[in-house]
Structures are given as structure tokens and as C-alpha cells.
Amino acid sequence: MALWRGSAYAGFLALAVGCVFLLEPQLPGSALRSLWSSLQLGPAPAPPGAGSPEGRLAAAWDALIVRPARRWRRVAVGVNACVDVVLSGVKLLQALGLSPGNGKDHSELHSRNDLEEAFVHFMGKGAAAERFFSDKETFHDIAQVASEFPEAQHYVGGNAALIGQKFAANSDLKVLLCGPVGPKLHELLDDNVFVPPESLQEVDEFHLILEYQAGEEWDQLKAPHANRFIFSHDLSNGAMNMLEVFVSSLEEFQPDLVVLSGLHMMEGQSKEFQRKRLLEVVTSISDIPTGVPVHLELASMTNKELMSSIVHQVFPAVTSLGLNEQELLFLSQSASGPHSSLSSWNGVPDVGVVSDILFWILKEHGKSESRASDLSRIHFHTLAYHILATVDGHWANQLAAVAAGARVAGTQACATETIDTRRVSLKAPHEFTTSRLEAGSRVVLNPNEPVVEWHREGVSFHFTPVLVCKDPVRTVGLGDAISAEGLFYSEVHPHS
């Protein structure tokens, strides 16, 4: 009987506490937890996500992310822009009457069959890729089917336009965008983005973005991660037609930061065209006033010769680089860098390997007293973590910059204003070594101190994990948003 009374008493009090929760929802959580524990009913349920590693990490980022002392006022971005048609890759290929065979990579797509093979190859790896479709008529037919697809969505596309759009979200920034802007793209752009009249054209350039979700299946094929396969028949961006318009606009606009992208679009061009155009790119960059930093955003490439030329000719002319794990490894393979015998990444890229390649780029092609190069900053991003590597003495606020880039990866992929800890997870290695070529330090991750810093011969590294969205709404443009956010929070020293 006493036992029954005790149980009833406890139940009654639990009910009373429940009423307090309902009637006084604004009562501080600590007061409610104190009341609960005083009844000796066991620990109170923690608020969802707050005490989890993800919750602690997100809170620590918020405390670390502060605006720099000197801020950008005018940002000029060019030169690739298009309309992204985003839809399910599997559904489009099914609508085209294709079925999954053996995956095979193609450096250039010539037919529907090439498209199917390349898509299967990359979906099986869960890796992002971008390819040129050489046949104009076939591409136009596929683009029409895709554009009229009931679930197809039209977005601002092209690295330059996406970076410009991200910067334009900050009302205190003036943003200039040069690229082939057709009527649909102009309609999609933020009002805060200024497009010079010479950049406007009558027809849009369309890029088809075939998305797939983590665990999505197509017959025997299963995607390990959510990602996308991009392809286009884009001649205007491929020839970098807007480069001269971009450079001539800078004199009047007078930016204090220039962002250049679109070099990867030249892969469909002849070697002679690429050689000539790269020289013109370097000449154009050298015309930008000294003291105005130039950030180069890379993208998926397959042409080793073109990549090697970019490394040797363009890298010394720019101040900052943005790239992902596919581009980093391909860059090292193309220019005989460290770990270039590695054919591909196996799962989450090894931090020590990534760090070695970043160090090599800055040591071999970056700013130093003995070399005529301006390159002093690299923002590397992969799904699970980001690293900002900088030559000492040229950049400030990089701790905040790398955290801001990682935070935006979690919010943009989930389409939320702030990190929703229930929808994200930590995928970064719990511990890692900072180098595979030297005796690197061993680091154990602590969500309360999410940015790890280390130094190596005049180069500083800032590492932070990413809170990866479990059910991403959209993966396209994540790299561009990360780079833009990282730059927004960065400060360049005046003498750089």
C-alpha cells in the first residue's frame, strides 16, 4: 500500500510539473530542471540538441565569428554566370529512357549514353563533378526535357553569380557582377547586384544540375552521400567572353576586393585557345590596381595540362584561392605535388594529406621574398571540415572566417537561418595528424573549441569541422557560399 502511495505521489507531482511546463513555458529551463531533480525523479530531459557535441560546436562558432576591423565596401565578381536547372538526376535519366549500367567517367560528354555512364560513376562515389556536353542539339533536347520537368527549379548559377548573390545578402556591400546575364538570370538576381549593360545578353546559358540524396537507390546503384552532377553546353562562359567587360568595369567601380571564377569552363576549348586566353587572364589581373586582393575560385576539372597552366601562370597573379577536395587532389596530380600518386580520396579526406598539399601550394607557388607571387591564402572545403591556410603577416580574422564558412555550409544545405542541431551531424575525424610528410601534431577535436590552429614554416592553418546537414535541401553553390562567407569575414593587411 505504501509503495502504491509513493508511486501515486510521484506520478501526481510529475503531472504537476508537466502543468508548470504547459502553463509557464517562459520559466527558465534551469528552474524547471531544479524543480524536477528536487522531486528525485531522475535527471531532467536536456533541451534538444543544446548539450550535444553539435549544439556545443554551433554555440562556440557563434562566439568566435566576429566582423573584421577593416571591412570590404565594394566587391567585383566575374566572369561565369548562368541559370541552374536543378532536378533529380535519377528521375531525369529515367525520363530520357536510360537505365544504370556500369559507371564510367568521361572527361567530355558526347551522347546520352556518356551522360548515363558518368552520372552512375559519380553517384556511386557520392562525389561532385562537372562536365562539358559537346553536342549542341542533344544538349538542347535534354535541357528542354529538364526545364519542363514538373519538379525542376531554376536558380542563379555559375560560381561568379552565386558568389555575387551571397555577398549581396549584406546590404552594406556594393556588388558588381560581370558575366553572360540573360533575361531569366537577371530576374533571379538580388536587387543589390549591379550588372553592367555590356554583360546583358538575349539568351540565358543553362546548366543542368542532377542531384541525388544520401542513400538514394537506382536499381543496384546506391549513393553514399548527397551530391550533384553538373553538365552544360556553355559557349559564352567557355570562352570567358565577359573577361574584358569585367576588367574595363573595374576602373569605374573601384572595388576593394575582386573575385574571379570560370577558368574551368575553358575545358571544352582548344589547347591554343586555352593558352592564349590564360595569358589574357594574367594580363587582365595585372591591370587591377596593386593592393586590391584577387580571389580565384576553382571548380571541377579533368584537363591536367590546363590545370598545370593555371597553377604556374595564374596562381602567382592572385591573392587567394577557394577549392574543394576533388580540385585539390587533381591540382597536385597535375603539377606533380605531394601525395599525387593517390588516385582518389577514400571517404573523408585525410587532414594530414590535405594540409601537406596546401602547404606545398603556398611554399612552391605562394608569396615569398624570393618569388614574384601574390598568393597568400587558400580556403579549402570538403563535406566534413574546412581549412584556411595563410602565409603569415598578410591576413587577419581567419579564425572567424573559417568558422563562418563552415557555419554557412550547415545553414545553406539545410535551408535554415541558423544551425538546427537536430538536422546536422559531425562527420569530421575525432582525431587527426596535421601532416603525413613531416612529424605533424596529433589533434583531438573538442566541440567547445572548434577551431584548431597550427603553424608550419611561416604558414598558419585554421581547421574547423562542418555540421553536415543530414537531409540537404540543396547542395549546389555550397562551395561558392563558403568562399564568399570566408572572404566576407576576412581582413587583408594594407601592405599585402
# chains A, B, ... in the order shown; residues from 1 in each chain; ligands from 1
call {"tool": "closest_atom_pairs", "arguments": {"of": "range 66-104 of chain A", "to": "range 164-175 of chain A", "cutoff": "10 Å", "atoms": "only C-alpha atoms", "output": "Markdown table"}}
result
| residue | atom | partner | partner_atom | distance |
| --- | --- | --- | --- | --- |
| A:Arg71 | CA | A:Leu173 | CA | 9.4 |
| A:Trp72 | CA | A:Leu173 | CA | 7.2 |
| A:Arg73 | CA | A:Leu173 | CA | 5.1 |
| A:Arg74 | CA | A:Lys174 | CA | 4.8 |
| A:Val75 | CA | A:Val175 | CA | 5.0 |
| A:Ala76 | CA | A:Val175 | CA | 5.8 |
| A:Val77 | CA | A:Gly164 | CA | 6.0 |
| A:Gly78 | CA | A:Gly164 | CA | 8.4 |
| A:Ala81 | CA | A:Gly164 | CA | 9.9 |
call {"tool": "closest_atom_pairs", "arguments": {"of": "range 359-431 of chain A", "to": "range 215-238 of chain A", "cutoff": "12 Å", "atoms": "only C-alpha atoms", "output": "Markdown table"}}
result
| residue | atom | partner | partner_atom | distance |
| --- | --- | --- | --- | --- |
| A:Thr382 | CA | A:Asn227 | CA | 11.9 |
| A:Leu383 | CA | A:His225 | CA | 9.5 |
| A:Ala384 | CA | A:His225 | CA | 11.4 |
| A:Ala413 | CA | A:Ala226 | CA | 10.4 |
| A:Lys427 | CA | A:His225 | CA | 11.7 |
call {"tool": "write_last_selection", "arguments": {"atoms": "all heavy atoms", "output": "mmCIF file, in the first residue's frame"}}
result
data_model
loop_
_atom_site.group_PDB
_atom_site.id
_atom_site.type_symbol
_atom_site.label_atom_id
_atom_site.label_comp_id
_atom_site.auth_asym_id
_atom_site.auth_seq_id
_atom_site.Cartn_x
_atom_site.Cartn_y
_atom_site.Cartn_z
ATOM 1 N N THR A 382 35.751 20.653 -47.701
ATOM 2 C CA THR A 382 35.232 19.341 -48.035
ATOM 3 C C THR A 382 34.001 19.141 -47.153
ATOM 4 O O THR A 382 33.746 19.957 -46.262
ATOM 5 C CB THR A 382 36.296 18.241 -47.832
ATOM 6 O OG1 THR A 382 35.773 16.996 -48.312
ATOM 7 C CG2 THR A 382 36.714 18.089 -46.378
ATOM 8 N N LEU A 383 33.231 18.090 -47.407
ATOM 9 C CA LEU A 383 31.950 17.912 -46.713
ATOM 10 C C LEU A 383 32.091 17.967 -45.188
ATOM 11 O O LEU A 383 31.302 18.602 -44.504
ATOM 12 C CB LEU A 383 31.327 16.571 -47.129
ATOM 13 C CG LEU A 383 29.939 16.273 -46.568
ATOM 14 C CD1 LEU A 383 28.878 17.124 -47.265
ATOM 15 C CD2 LEU A 383 29.596 14.798 -46.721
ATOM 16 N N ALA A 384 33.150 17.323 -44.645
ATOM 17 C CA ALA A 384 33.250 17.130 -43.194
ATOM 18 C C ALA A 384 34.023 18.222 -42.458
ATOM 19 O O ALA A 384 33.859 18.387 -41.251
ATOM 20 C CB ALA A 384 33.893 15.775 -42.897
ATOM 21 N N ALA A 413 22.850 24.312 -46.659
ATOM 22 C CA ALA A 413 22.456 22.971 -47.117
ATOM 23 C C ALA A 413 21.095 22.580 -46.552
ATOM 24 O O ALA A 413 20.289 21.939 -47.216
ATOM 25 C CB ALA A 413 23.509 21.949 -46.723
ATOM 26 N N LYS A 427 30.823 14.896 -38.896
ATOM 27 C CA LYS A 427 31.397 13.787 -39.667
ATOM 28 C C LYS A 427 32.909 13.880 -39.727
ATOM 29 O O LYS A 427 33.576 13.045 -40.329
ATOM 30 C CB LYS A 427 30.829 13.777 -41.090
ATOM 31 C CG LYS A 427 29.319 13.687 -41.146
ATOM 32 C CD LYS A 427 28.860 12.746 -42.225
ATOM 33 C CE LYS A 427 27.337 12.713 -42.256
ATOM 34 N NZ LYS A 427 26.783 11.452 -42.535
#
call {"tool": "select_by_dssp", "arguments": {"residues": "range 139-186 of chain A", "states": "alpha helix (DSSP H)", "output": "JSON, numbers by chain"}}
result
{"A": [139, 140, 141, 142, 143, 144, 145, 146, 147, 159, 160, 161, 162, 163, 164, 165, 166, 167, 168, 183, 184, 185, 186]}
call {"tool": "write_last_selection", "arguments": {"atoms": "N, CA, C and O atoms", "output": "compact mmCIF listing (two decimals), in the first residue's frame"}}
result
# COMPACT_ATOMS: atom_id res chain seq x y z
N PHE A 139 22.23 18.31 -76.30
CA PHE A 139 22.13 19.04 -75.03
C PHE A 139 20.85 19.86 -74.97
O PHE A 139 20.15 19.88 -73.97
N HIS A 140 20.52 20.53 -76.10
CA HIS A 140 19.30 21.36 -76.13
C HIS A 140 18.06 20.51 -75.85
O HIS A 140 17.16 20.92 -75.11
N ASP A 141 18.01 19.29 -76.43
CA ASP A 141 16.86 18.39 -76.22
C ASP A 141 16.76 17.97 -74.75
O ASP A 141 15.67 17.99 -74.17
N ILE A 142 17.91 17.60 -74.17
CA ILE A 142 17.92 17.18 -72.76
C ILE A 142 17.52 18.36 -71.86
O ILE A 142 16.74 18.21 -70.92
N ALA A 143 18.07 19.56 -72.17
CA ALA A 143 17.78 20.76 -71.37
C ALA A 143 16.30 21.10 -71.41
O ALA A 143 15.72 21.53 -70.40
N GLN A 144 15.66 20.88 -72.57
CA GLN A 144 14.23 21.17 -72.69
C GLN A 144 13.41 20.22 -71.82
O GLN A 144 12.50 20.65 -71.10
N VAL A 145 13.76 18.93 -71.86
CA VAL A 145 13.06 17.94 -71.01
C VAL A 145 13.23 18.32 -69.53
O VAL A 145 12.28 18.33 -68.75
N ALA A 146 14.48 18.68 -69.17
CA ALA A 146 14.80 19.02 -67.77
C ALA A 146 14.05 20.28 -67.32
O ALA A 146 13.47 20.32 -66.24
N SER A 147 14.07 21.31 -68.16
CA SER A 147 13.47 22.61 -67.80
C SER A 147 11.96 22.52 -67.62
O SER A 147 11.38 23.24 -66.81
N ASN A 159 29.70 30.13 -60.70
CA ASN A 159 30.39 30.50 -59.46
C ASN A 159 30.35 31.99 -59.20
O ASN A 159 30.10 32.44 -58.08
N ALA A 160 30.60 32.80 -60.24
CA ALA A 160 30.66 34.26 -60.04
C ALA A 160 29.30 34.80 -59.59
O ALA A 160 29.22 35.59 -58.65
N ALA A 161 28.24 34.38 -60.29
CA ALA A 161 26.90 34.87 -59.94
C ALA A 161 26.50 34.42 -58.54
O ALA A 161 25.91 35.19 -57.77
N LEU A 162 26.83 33.17 -58.18
CA LEU A 162 26.49 32.65 -56.85
C LEU A 162 27.26 33.38 -55.75
O LEU A 162 26.70 33.70 -54.69
N ILE A 163 28.54 33.66 -56.00
CA ILE A 163 29.34 34.39 -55.02
C ILE A 163 28.82 35.83 -54.90
O ILE A 163 28.66 36.36 -53.80
N GLY A 164 28.49 36.44 -56.05
CA GLY A 164 27.92 37.80 -56.03
C GLY A 164 26.61 37.85 -55.27
O GLY A 164 26.37 38.76 -54.47
N GLN A 165 25.77 36.84 -55.49
CA GLN A 165 24.47 36.76 -54.83
C GLN A 165 24.64 36.63 -53.31
O GLN A 165 23.91 37.23 -52.53
N LYS A 166 25.64 35.84 -52.89
CA LYS A 166 25.90 35.65 -51.46
C LYS A 166 26.38 36.96 -50.83
O LYS A 166 25.94 37.34 -49.74
N PHE A 167 27.30 37.65 -51.49
CA PHE A 167 27.78 38.95 -50.99
C PHE A 167 26.64 39.97 -50.92
O PHE A 167 26.57 40.78 -50.00
N ALA A 168 25.73 39.91 -51.90
CA ALA A 168 24.64 40.89 -51.99
C ALA A 168 23.65 40.78 -50.83
O ALA A 168 22.89 41.70 -50.56
N PRO A 183 17.84 37.08 -69.68
CA PRO A 183 16.64 37.60 -69.00
C PRO A 183 16.23 36.82 -67.74
O PRO A 183 15.86 37.42 -66.73
N LYS A 184 16.31 35.48 -67.79
CA LYS A 184 15.89 34.68 -66.62
C LYS A 184 16.84 34.91 -65.45
O LYS A 184 16.41 35.10 -64.31
N LEU A 185 18.14 34.95 -65.74
CA LEU A 185 19.13 35.16 -64.68
C LEU A 185 18.98 36.56 -64.07
O LEU A 185 19.01 36.72 -62.84
N HIS A 186 18.76 37.56 -64.92
CA HIS A 186 18.61 38.94 -64.44
C HIS A 186 17.43 39.04 -63.47
O HIS A 186 17.50 39.73 -62.44
call {"tool": "closest_residue", "arguments": {"among": "A:Ala406, A:Leu98, A:Val351, A:Leu306", "to": "Gly440 in chain A", "atoms": "only C-alpha atoms"}}
result
A:Val351
call {"tool": "closest_residue", "arguments": {"among": "A:Asn80, A:Thr464, A:Ser249, A:Thr411", "to": "Pro429 in chain A", "atoms": "only C-alpha atoms"}}
result
A:Thr464
call {"tool": "residues_around", "arguments": {"residues": "range 243-247 of chain A", "least_positions_apart": "2", "cutoff": "7 Å", "atoms": "only C-alpha atoms", "output": "compact mmCIF listing (two decimals) with N, CA and C atoms, in the first residue's frame"}}
result
# COMPACT_ATOMS: atom_id res chain seq x y z
N GLY A 78 33.35 38.16 -61.20
CA GLY A 78 33.17 37.72 -62.58
C GLY A 78 33.92 36.40 -62.77
N VAL A 79 33.74 35.64 -63.83
CA VAL A 79 33.02 36.04 -65.02
C VAL A 79 32.05 34.97 -65.51
N CYS A 178 29.89 40.71 -63.45
CA CYS A 178 30.07 40.63 -64.90
C CYS A 178 30.06 39.17 -65.31
N GLU A 198 26.82 45.98 -70.73
CA GLU A 198 27.60 45.16 -71.67
C GLU A 198 27.55 43.68 -71.33
N MET A 240 35.03 32.49 -71.78
CA MET A 240 35.23 33.61 -70.83
C MET A 240 35.01 34.94 -71.55
N ASN A 241 33.90 35.01 -72.31
CA ASN A 241 33.61 36.19 -73.15
C ASN A 241 33.54 37.49 -72.37
N SER A 249 35.22 47.32 -66.44
CA SER A 249 34.24 47.86 -65.47
C SER A 249 34.89 48.23 -64.14
N LEU A 250 36.05 47.63 -63.85
CA LEU A 250 36.68 47.81 -62.54
C LEU A 250 37.15 49.23 -62.31
N SER A 284 45.08 40.71 -67.60
CA SER A 284 43.93 41.43 -67.04
C SER A 284 44.06 41.60 -65.53
call {"tool": "residues_around", "arguments": {"residues": "Ala59 in chain A", "least_positions_apart": "6", "cutoff": "12 Å", "atoms": "only C-alpha atoms", "output": "list in words"}}
result
Gly49, Ala50, Gly51, Ser52, Pro53, Ile65, Ala403, Arg407, Thr418, Ile419, Asp420, Thr421, Pro447, Asn448, Glu449, Pro450 and Leu467 of chain A
call {"tool": "write_last_selection", "arguments": {"atoms": "N, CA, C and O atoms", "output": "mmCIF file, in the first residue's frame"}}
result
data_model
loop_
_atom_site.group_PDB
_atom_site.id
_atom_site.type_symbol
_atom_site.label_atom_id
_atom_site.label_comp_id
_atom_site.auth_asym_id
_atom_site.auth_seq_id
_atom_site.Cartn_x
_atom_site.Cartn_y
_atom_site.Cartn_z
ATOM 1 N N GLY A 49 19.325 18.973 -28.469
ATOM 2 C CA GLY A 49 20.494 19.438 -29.215
ATOM 3 C C GLY A 49 21.444 20.357 -28.487
ATOM 4 O O GLY A 49 22.604 20.442 -28.835
ATOM 5 N N ALA A 50 21.003 21.070 -27.442
ATOM 6 C CA ALA A 50 21.845 22.102 -26.825
ATOM 7 C C ALA A 50 23.109 21.536 -26.202
ATOM 8 O O ALA A 50 24.180 22.104 -26.332
ATOM 9 N N GLY A 51 22.998 20.384 -25.503
ATOM 10 C CA GLY A 51 24.174 19.829 -24.840
ATOM 11 C C GLY A 51 24.932 18.834 -25.706
ATOM 12 O O GLY A 51 25.957 18.303 -25.295
ATOM 13 N N SER A 52 24.444 18.568 -26.904
ATOM 14 C CA SER A 52 25.101 17.624 -27.809
ATOM 15 C C SER A 52 26.388 18.241 -28.355
ATOM 16 O O SER A 52 26.569 19.459 -28.306
ATOM 17 N N PRO A 53 27.306 17.417 -28.878
ATOM 18 C CA PRO A 53 28.512 17.982 -29.497
ATOM 19 C C PRO A 53 28.171 19.015 -30.579
ATOM 20 O O PRO A 53 28.815 20.058 -30.681
ATOM 21 N N ILE A 65 32.695 34.054 -34.237
ATOM 22 C CA ILE A 65 32.519 34.739 -35.522
ATOM 23 C C ILE A 65 32.237 36.224 -35.309
ATOM 24 O O ILE A 65 31.133 36.620 -34.933
ATOM 25 N N ALA A 403 35.390 29.620 -39.413
ATOM 26 C CA ALA A 403 34.172 29.230 -38.682
ATOM 27 C C ALA A 403 32.920 29.687 -39.430
ATOM 28 O O ALA A 403 31.935 28.944 -39.529
ATOM 29 N N ARG A 407 29.945 27.363 -40.845
ATOM 30 C CA ARG A 407 28.567 27.577 -40.364
ATOM 31 C C ARG A 407 27.599 27.717 -41.530
ATOM 32 O O ARG A 407 26.506 27.145 -41.520
ATOM 33 N N THR A 418 19.618 29.629 -38.987
ATOM 34 C CA THR A 418 20.679 29.292 -38.036
ATOM 35 C C THR A 418 20.846 27.774 -38.032
ATOM 36 O O THR A 418 20.014 27.058 -38.607
ATOM 37 N N ILE A 419 21.923 27.302 -37.390
ATOM 38 C CA ILE A 419 22.161 25.847 -37.337
ATOM 39 C C ILE A 419 21.043 25.175 -36.533
ATOM 40 O O ILE A 419 20.775 25.540 -35.395
ATOM 41 N N ASP A 420 20.367 24.203 -37.159
ATOM 42 C CA ASP A 420 19.362 23.392 -36.466
ATOM 43 C C ASP A 420 20.064 22.099 -36.039
ATOM 44 O O ASP A 420 20.322 21.220 -36.873
ATOM 45 N N THR A 421 20.404 22.010 -34.735
ATOM 46 C CA THR A 421 21.241 20.899 -34.257
ATOM 47 C C THR A 421 20.592 19.521 -34.437
ATOM 48 O O THR A 421 21.284 18.514 -34.430
ATOM 49 N N PRO A 447 34.472 19.968 -29.322
ATOM 50 C CA PRO A 447 33.388 20.812 -29.832
ATOM 51 C C PRO A 447 33.302 22.192 -29.164
ATOM 52 O O PRO A 447 32.779 23.138 -29.746
ATOM 53 N N ASN A 448 33.832 22.310 -27.935
ATOM 54 C CA ASN A 448 33.794 23.613 -27.246
ATOM 55 C C ASN A 448 34.845 24.578 -27.780
ATOM 56 O O ASN A 448 34.751 25.782 -27.567
ATOM 57 N N GLU A 449 35.869 24.038 -28.451
ATOM 58 C CA GLU A 449 36.911 24.866 -29.078
ATOM 59 C C GLU A 449 37.088 24.359 -30.506
ATOM 60 O O GLU A 449 38.061 23.664 -30.829
ATOM 61 N N PRO A 450 36.118 24.702 -31.382
ATOM 62 C CA PRO A 450 36.033 24.012 -32.669
ATOM 63 C C PRO A 450 37.061 24.427 -33.727
ATOM 64 O O PRO A 450 37.193 23.747 -34.734
ATOM 65 N N LEU A 467 29.200 21.057 -39.532
ATOM 66 C CA LEU A 467 27.995 20.371 -39.073
ATOM 67 C C LEU A 467 27.209 20.035 -40.339
ATOM 68 O O LEU A 467 26.560 20.888 -40.940
#
call {"tool": "select_by_dssp", "arguments": {"residues": "range 68-208 of chain A", "states": "strand (DSSP E or B)", "output": "ChimeraX atom specification"}}
result
/A:74-78,82-88,108-109,129-133,153-157,174-178,181,193-194,200,206-208
call {"tool": "residues_around", "arguments": {"residues": "range 312-317 of chain A", "least_positions_apart": "3", "cutoff": "7 Å", "atoms": "only C-alpha atoms", "output": "compact mmCIF listing (two decimals) with N, CA and C atoms, in the first residue's frame"}}
result
# COMPACT_ATOMS: atom_id res chain seq x y z
N VAL A 282 45.95 36.58 -67.10
CA VAL A 282 47.05 37.08 -66.26
C VAL A 282 47.30 38.56 -66.52
N ILE A 285 44.49 40.52 -64.84
CA ILE A 285 44.65 40.59 -63.38
C ILE A 285 45.74 41.61 -63.02
N SER A 286 46.81 41.64 -63.83
CA SER A 286 47.91 42.57 -63.52
C SER A 286 47.49 44.03 -63.72
N SER A 308 47.59 22.56 -64.80
CA SER A 308 49.01 22.86 -64.57
C SER A 308 49.34 24.29 -65.02
N SER A 309 48.77 24.70 -66.14
CA SER A 309 49.00 26.08 -66.64
C SER A 309 48.42 27.10 -65.67
N HIS A 365 54.27 27.98 -54.83
CA HIS A 365 53.64 28.93 -55.75
C HIS A 365 53.12 30.19 -55.06
N GLY A 366 53.33 30.27 -53.74
CA GLY A 366 52.79 31.38 -52.97
C GLY A 366 53.77 32.51 -52.76
N ALA A 372 58.05 36.21 -57.18
CA ALA A 372 57.08 37.24 -57.57
C ALA A 372 55.68 36.63 -57.61
N SER A 373 55.11 36.38 -56.44
CA SER A 373 53.77 35.82 -56.34
C SER A 373 52.99 36.57 -55.28
N ASP A 374 51.68 36.73 -55.52
CA ASP A 374 50.82 37.41 -54.54
C ASP A 374 50.03 36.42 -53.69
N LEU A 375 50.06 35.13 -54.07
CA LEU A 375 49.20 34.13 -53.41
C LEU A 375 49.58 33.93 -51.94
call {"tool": "atom_distance", "arguments": {"atom1": "CA of Thr475 in chain A", "atom2": "CA of Leu260 in chain A"}}
result
21.4 Å
call {"tool": "residues_around", "arguments": {"residues": "Leu331 in chain A", "least_positions_apart": "2", "cutoff": "9 Å", "atoms": "only C-alpha atoms", "output": "list in words"}}
result
Lys304, Met307, Ser308, Val311, Gln326, Glu327, Leu328, Leu329, Gln333, Ser334, Ala335, Ser336, Gly337 and Ser340 of chain A
call {"tool": "atom_distance", "arguments": {"atom1": "CA of Arg131 in chain A", "atom2": "CA of Glu297 in chain A"}}
result
17.0 Å
call {"tool": "residues_around", "arguments": {"residues": "Val424 in chain A", "least_positions_apart": "5", "cutoff": "7 Å", "atoms": "only C-alpha atoms", "output": "count of residues only"}}
result
4
call {"tool": "atom_distance", "arguments": {"atom1": "CA of Phe330 in chain A", "atom2": "CA of Met266 in chain A"}}
result
16.3 Å
